[in-house]
Every structure is written in C-alpha cells, then in structure tokens.
Amino acid sequence: MERMEKWLGRPREAYNLLRFKVGGGAPGMPRQDQPEPSLGSELSLVLQFPLARQDQHLTMIEILPSRHSHAVCIFYLVLRALDTVEDDMTISLETKIPMLHNFHSYLYQPAWRYTESQEKYKQVLEDFPTISLEFRNLAKVYRDVIVDVCQKMGAGMAEFLQKKVDSLQDWDKYCHYVVGLASIGLSHLFCVLELEDPVIGENTELANSMGIFIEKTIIIRDYLEDQLAGREFWPREVWSRYAKKLSDLARPENTDMAVQCLNELITNALHHVPDVLTYLSRLKNQSVFNFCAIPQVMAVATLAACYNNKQVFRGVVKIRKGQAVTLMMNATNIKAVKGIMYQYVQEIYRKVPSSDPSANKTQQIIVSIRTMCLPNGTAVSRNHYFPICLSCAMLLAGLSWQYLRAVPARTEGWLGEGRQ
C-alpha cells in the first residue's frame, strides 16, 4: 500500500512507467521488455556481453536506425573497454598508463585481449578480439573517427592518472577527455552516416559541452562511490575552500560546508546548458535527437535532485524510475526539452539558500537558462486534469485491490467462528 500511495502522488509517472513496461512508449524509444537489443542481426556480438547489454548507453543505441547503429555500437564498446582499464584500481600504473596510450593500436591487433581486470565490465576486455574484428570490418571513414577519439581519450586518461584535478580548468579538461571527446566523435559519426548536416560535426565546442555536462553531473552525483573506490574527480580549487581533504566532506560535522561545495559545483555544471540547447536545436534527425536529448534531460533532473542535498555525501542520489521514463517519453523535440530544462532549473532556483556563497551565481545562470528556454515567457502547456483523473482511477484500483485481498482473510475468519 505504501508503494501505491507514492504512485498516487505522481500519477503521470506511474502511467508512463506502465506504458513503458508494456512497450507503449514514445516513438523511437527502446522497449524495456525486449529480451535482446534490437540492433540488427549484424550486431549479434553484443549478446556476448551481458553486462554491457545492461548499460543504459547501449540501450540508448537502440533508438538509432538499425542500419546506422552498427558503427555507434562498436564505438561505444571500444570506449567502454578503454574506460574499464582506467577505472580498474587493481591495475598498476606501470601497466595501466602504457595500455591507455596504446589502446587505439590494439584495434588492429586481432589477438589482443586483457584477462586480469577485476572491473564490472571486464568481459569487454576479455573478449576484445570480437570487438576489434567488428571494428576492422567497418568502413575506413568510421574507423578513422573511432581511432582518433580512442587515441586522444587514452592519452588524456593517462595524463590524469599522473596528476590530480586541481583547477576548474583541469576539471573541464578531464571531462573533455573522458566524455567530451566521445560526444565530438559521435557528432562526426552522425555526419558521416549522413544522419545530420556537416555543421553538427564542425562545431566541436557545442558537442564538447554536451559531453562535459553529462560527465560533471556523474562526478558530482558519484562523490561517495568514488571516495570509497579511492578516486577523486572534484576540483581542488573548489573543495579546498570548504575542507582540508576531499574525504572530509563526508564527515557529519562538515555537512553544511559540504553542501555549499556541492552547490558551487552544480552551478558550474549548469553553465553548459545553453550550449546543450543550442546543439540540440540544430539536430534534424528524430532518432539522433532522442539519442542526444535523453541523457541531457536526465542530467539536469539529477542535478536538481542533488542540489543542496546532503544525501550526496551519505549514499547515491538517483531520479525515480517513473521520472526517468517520463523524461524519455517527453524529450522528443526542442520545445519539450526546453520545457523540461526550465522545470528543473526552476526547481533548483526554489531551493537556493540565501546564505549559500554561490547563491547569486546560481540564480544568474538559472535566469539565463530560463530566458533561453522560454524567450516569450510562455511555458509548455500541460493537461492539468490528467493527474487528477488518473489519481482517482488509481485510488479506486488500489482500494479495490485491498478489498479483494481482504475478502479471503475475512472469509476464513467467519468460517473459523462458525466452527467454534
């Protein structure tokens, strides 16, 4: 009954989650109940990687047209393997750094594999010959994009294994290496696949911001997880103003300072939203738009959940499943995305403490985003009666279910009293 009460408070999310479960989502959305990725028979190799198949990025690839998804899928698996090397804390730096620098060359070494990883996605390294074979079967124009990104990303990862993320400039640089380059590479792939106009691949600054915004959100959200794993990605330039050590932010006595540090980093991340909106506004292919927009609206919703939230330092802050599905269903055009961005930055705006050191900067960037989202001051229209009607229907359904569950118990009681 407790779950039913939660759903009644968010009827639209419950309705959309139900639609998603039965495969009635918005056009272009992947169905959750598919037993296998619908990427086409030529991508059957993906089935060899059950952990990779569970990854949300691979699920998102299903949105793209099947005839174009092959190159994007291989691109993803290559970068997933590279990222697994970087994340594996059991690999010594003496081994890891050369691996990262040379990883792009392994794509042309049919027998190369790595079998000593302890990471969650270790299977992509163990079965790397399958991935590299599929890579070598791609057209040269696709291979060139993947190798270029892989080489630059590996070098960047190696660089930050040998130094800390000290300044905000370092933070931008690190996020560029690990996700910004991937976003730039995807933009080039969209162009060579003739899904988008060349201008999408030419403006690397906008594509870079798309990736940086997502990576900063992940770094902010995963503070505690990274601390427990011995990783630090929050920039010293910011956190050193609030604590002597980054790990000190997790101490209960430092909660107030920790939250202020958190709010400052979220404010910094929000500065990428205007570039995100500009990039998305230039996309023409519906599948590409959905593929690019969904992670961005997920990111802004996550930042809204994390803002001024001390739970970031005690556990993991995630958006609700129904909320995520609703975002996936709604983020299908630029007007809707702007409405979503407006909604969540406004949520942050309402939570800004007047005493927060970053309050003015936070409010300023939010005002800029709101102006960009709704230049005429008009919000995206919504059906206000829908939640009320659905709440009533769900309430009746819940009460009926509770009544039907109670009938057998009462019947047994009556029979027992009769026997006595």
# chains A, B, ... in the order shown; residues from 1 in each chain; ligands from 1
$ closest_atom_pairs --of "segment 174-234 of chain A" --to "segment 61-81 of chain A" --cutoff "8 Å" --atoms "only C-alpha atoms" --output "tab-separated table"
residue	atom	partner	partner_atom	distance
A:Leu186	CA	A:Val72	CA	7.4
A:Leu189	CA	A:Val72	CA	7.5
A:Leu193	CA	A:His68	CA	6.7
$ select_by_dssp --residues "segment 192-359 of chain A" --states "alpha helix (DSSP H)" --output "JSON, numbers by chain"
{"A": [192, 198, 199, 200, 201, 202, 204, 205, 206, 207, 208, 209, 210, 211, 212, 213, 214, 215, 216, 217, 218, 219, 220, 221, 223, 224, 225, 226, 227, 228, 229, 236, 237, 238, 239, 255, 256, 257, 258, 259, 260, 261, 262, 263, 264, 265, 266, 267, 268, 269, 270, 273, 274, 275, 276, 277, 278, 279, 280, 281, 286, 287, 288, 289, 290, 291, 292, 293, 294, 295, 296, 297, 298, 299, 300, 301, 302, 303, 304, 305, 306, 321, 322, 323, 324, 325, 326, 327, 328, 329, 330, 334, 335, 336, 337, 338, 339, 340, 341, 342, 343, 344, 345, 346, 347, 348, 349, 350, 351, 359]}
$ closest_residue --among "A:Thr362, A:Gln346, A:Ser281, A:Thr130" --to "Leu107 of chain A" --atoms "only C-alpha atoms"
A:Thr130
$ closest_residue --among "A:Ala359, A:Val337, A:Ile319, A:Leu277" --to "Gln260 of chain A" --atoms "only C-alpha atoms"
A:Ala359
$ residues_around --residues "Cys306 of chain A" --least-positions-apart "2" --cutoff "9 Å" --atoms "only C-alpha atoms" --output "list in words"
Ile220, Arg221, Leu262, Asn263, Ile266, Ala301, Thr302, Leu303, Ala304, Asn308, Asn309, Lys310, Gln311, Val312, Val317 and Lys318 of chain A
$ write_last_selection --atoms "N, CA, C and O atoms" --output "mmCIF file, in the first residue's frame"
data_model
loop_
_atom_site.group_PDB
_atom_site.id
_atom_site.type_symbol
_atom_site.label_atom_id
_atom_site.label_comp_id
_atom_site.auth_asym_id
_atom_site.auth_seq_id
_atom_site.Cartn_x
_atom_site.Cartn_y
_atom_site.Cartn_z
ATOM 1 N N ILE A 220 29.660 14.711 -9.864
ATOM 2 C CA ILE A 220 29.007 15.318 -8.696
ATOM 3 C C ILE A 220 28.176 14.278 -7.950
ATOM 4 O O ILE A 220 28.278 14.130 -6.732
ATOM 5 N N ARG A 221 27.378 13.548 -8.688
ATOM 6 C CA ARG A 221 26.491 12.552 -8.071
ATOM 7 C C ARG A 221 27.266 11.430 -7.390
ATOM 8 O O ARG A 221 26.878 10.941 -6.329
ATOM 9 N N LEU A 262 29.052 21.401 -2.873
ATOM 10 C CA LEU A 262 28.198 20.718 -3.849
ATOM 11 C C LEU A 262 27.449 21.725 -4.708
ATOM 12 O O LEU A 262 27.411 21.617 -5.939
ATOM 13 N N ASN A 263 26.843 22.704 -4.081
ATOM 14 C CA ASN A 263 26.054 23.706 -4.803
ATOM 15 C C ASN A 263 26.917 24.507 -5.774
ATOM 16 O O ASN A 263 26.476 24.867 -6.873
ATOM 17 N N ILE A 266 27.553 22.322 -8.854
ATOM 18 C CA ILE A 266 26.344 22.228 -9.677
ATOM 19 C C ILE A 266 26.141 23.516 -10.464
ATOM 20 O O ILE A 266 25.769 23.491 -11.649
ATOM 21 N N ALA A 301 17.865 16.707 -14.446
ATOM 22 C CA ALA A 301 16.996 16.199 -13.380
ATOM 23 C C ALA A 301 17.830 15.676 -12.216
ATOM 24 O O ALA A 301 17.465 15.854 -11.041
ATOM 25 N N THR A 302 18.959 15.047 -12.520
ATOM 26 C CA THR A 302 19.855 14.554 -11.475
ATOM 27 C C THR A 302 20.464 15.706 -10.690
ATOM 28 O O THR A 302 20.563 15.649 -9.457
ATOM 29 N N LEU A 303 20.861 16.762 -11.377
ATOM 30 C CA LEU A 303 21.423 17.925 -10.683
ATOM 31 C C LEU A 303 20.379 18.563 -9.770
ATOM 32 O O LEU A 303 20.707 19.011 -8.660
ATOM 33 N N ALA A 304 19.142 18.610 -10.228
ATOM 34 C CA ALA A 304 18.073 19.170 -9.392
ATOM 35 C C ALA A 304 17.879 18.328 -8.134
ATOM 36 O O ALA A 304 17.623 18.857 -7.046
ATOM 37 N N ASN A 308 21.761 21.085 -3.078
ATOM 38 C CA ASN A 308 21.503 21.365 -1.662
ATOM 39 C C ASN A 308 21.067 20.107 -0.894
ATOM 40 O O ASN A 308 20.333 20.198 0.089
ATOM 41 N N ASN A 309 21.537 18.952 -1.359
ATOM 42 C CA ASN A 309 21.101 17.671 -0.799
ATOM 43 C C ASN A 309 22.278 16.971 -0.112
ATOM 44 O O ASN A 309 23.197 16.476 -0.780
ATOM 45 N N LYS A 310 22.252 16.893 1.195
ATOM 46 C CA LYS A 310 23.346 16.276 1.951
ATOM 47 C C LYS A 310 23.434 14.771 1.719
ATOM 48 O O LYS A 310 24.456 14.151 2.040
ATOM 49 N N GLN A 311 22.403 14.173 1.123
ATOM 50 C CA GLN A 311 22.420 12.744 0.857
ATOM 51 C C GLN A 311 23.513 12.362 -0.140
ATOM 52 O O GLN A 311 23.949 11.203 -0.172
ATOM 53 N N VAL A 312 23.988 13.309 -0.932
ATOM 54 C CA VAL A 312 25.078 13.049 -1.871
ATOM 55 C C VAL A 312 26.306 12.526 -1.132
ATOM 56 O O VAL A 312 27.070 11.721 -1.660
ATOM 57 N N VAL A 317 22.267 9.469 -4.900
ATOM 58 C CA VAL A 317 21.047 10.199 -5.237
ATOM 59 C C VAL A 317 20.683 9.868 -6.674
ATOM 60 O O VAL A 317 21.460 10.137 -7.596
ATOM 61 N N LYS A 318 19.530 9.274 -6.866
ATOM 62 C CA LYS A 318 19.074 8.907 -8.210
ATOM 63 C C LYS A 318 17.670 9.433 -8.448
ATOM 64 O O LYS A 318 16.895 9.591 -7.514
#
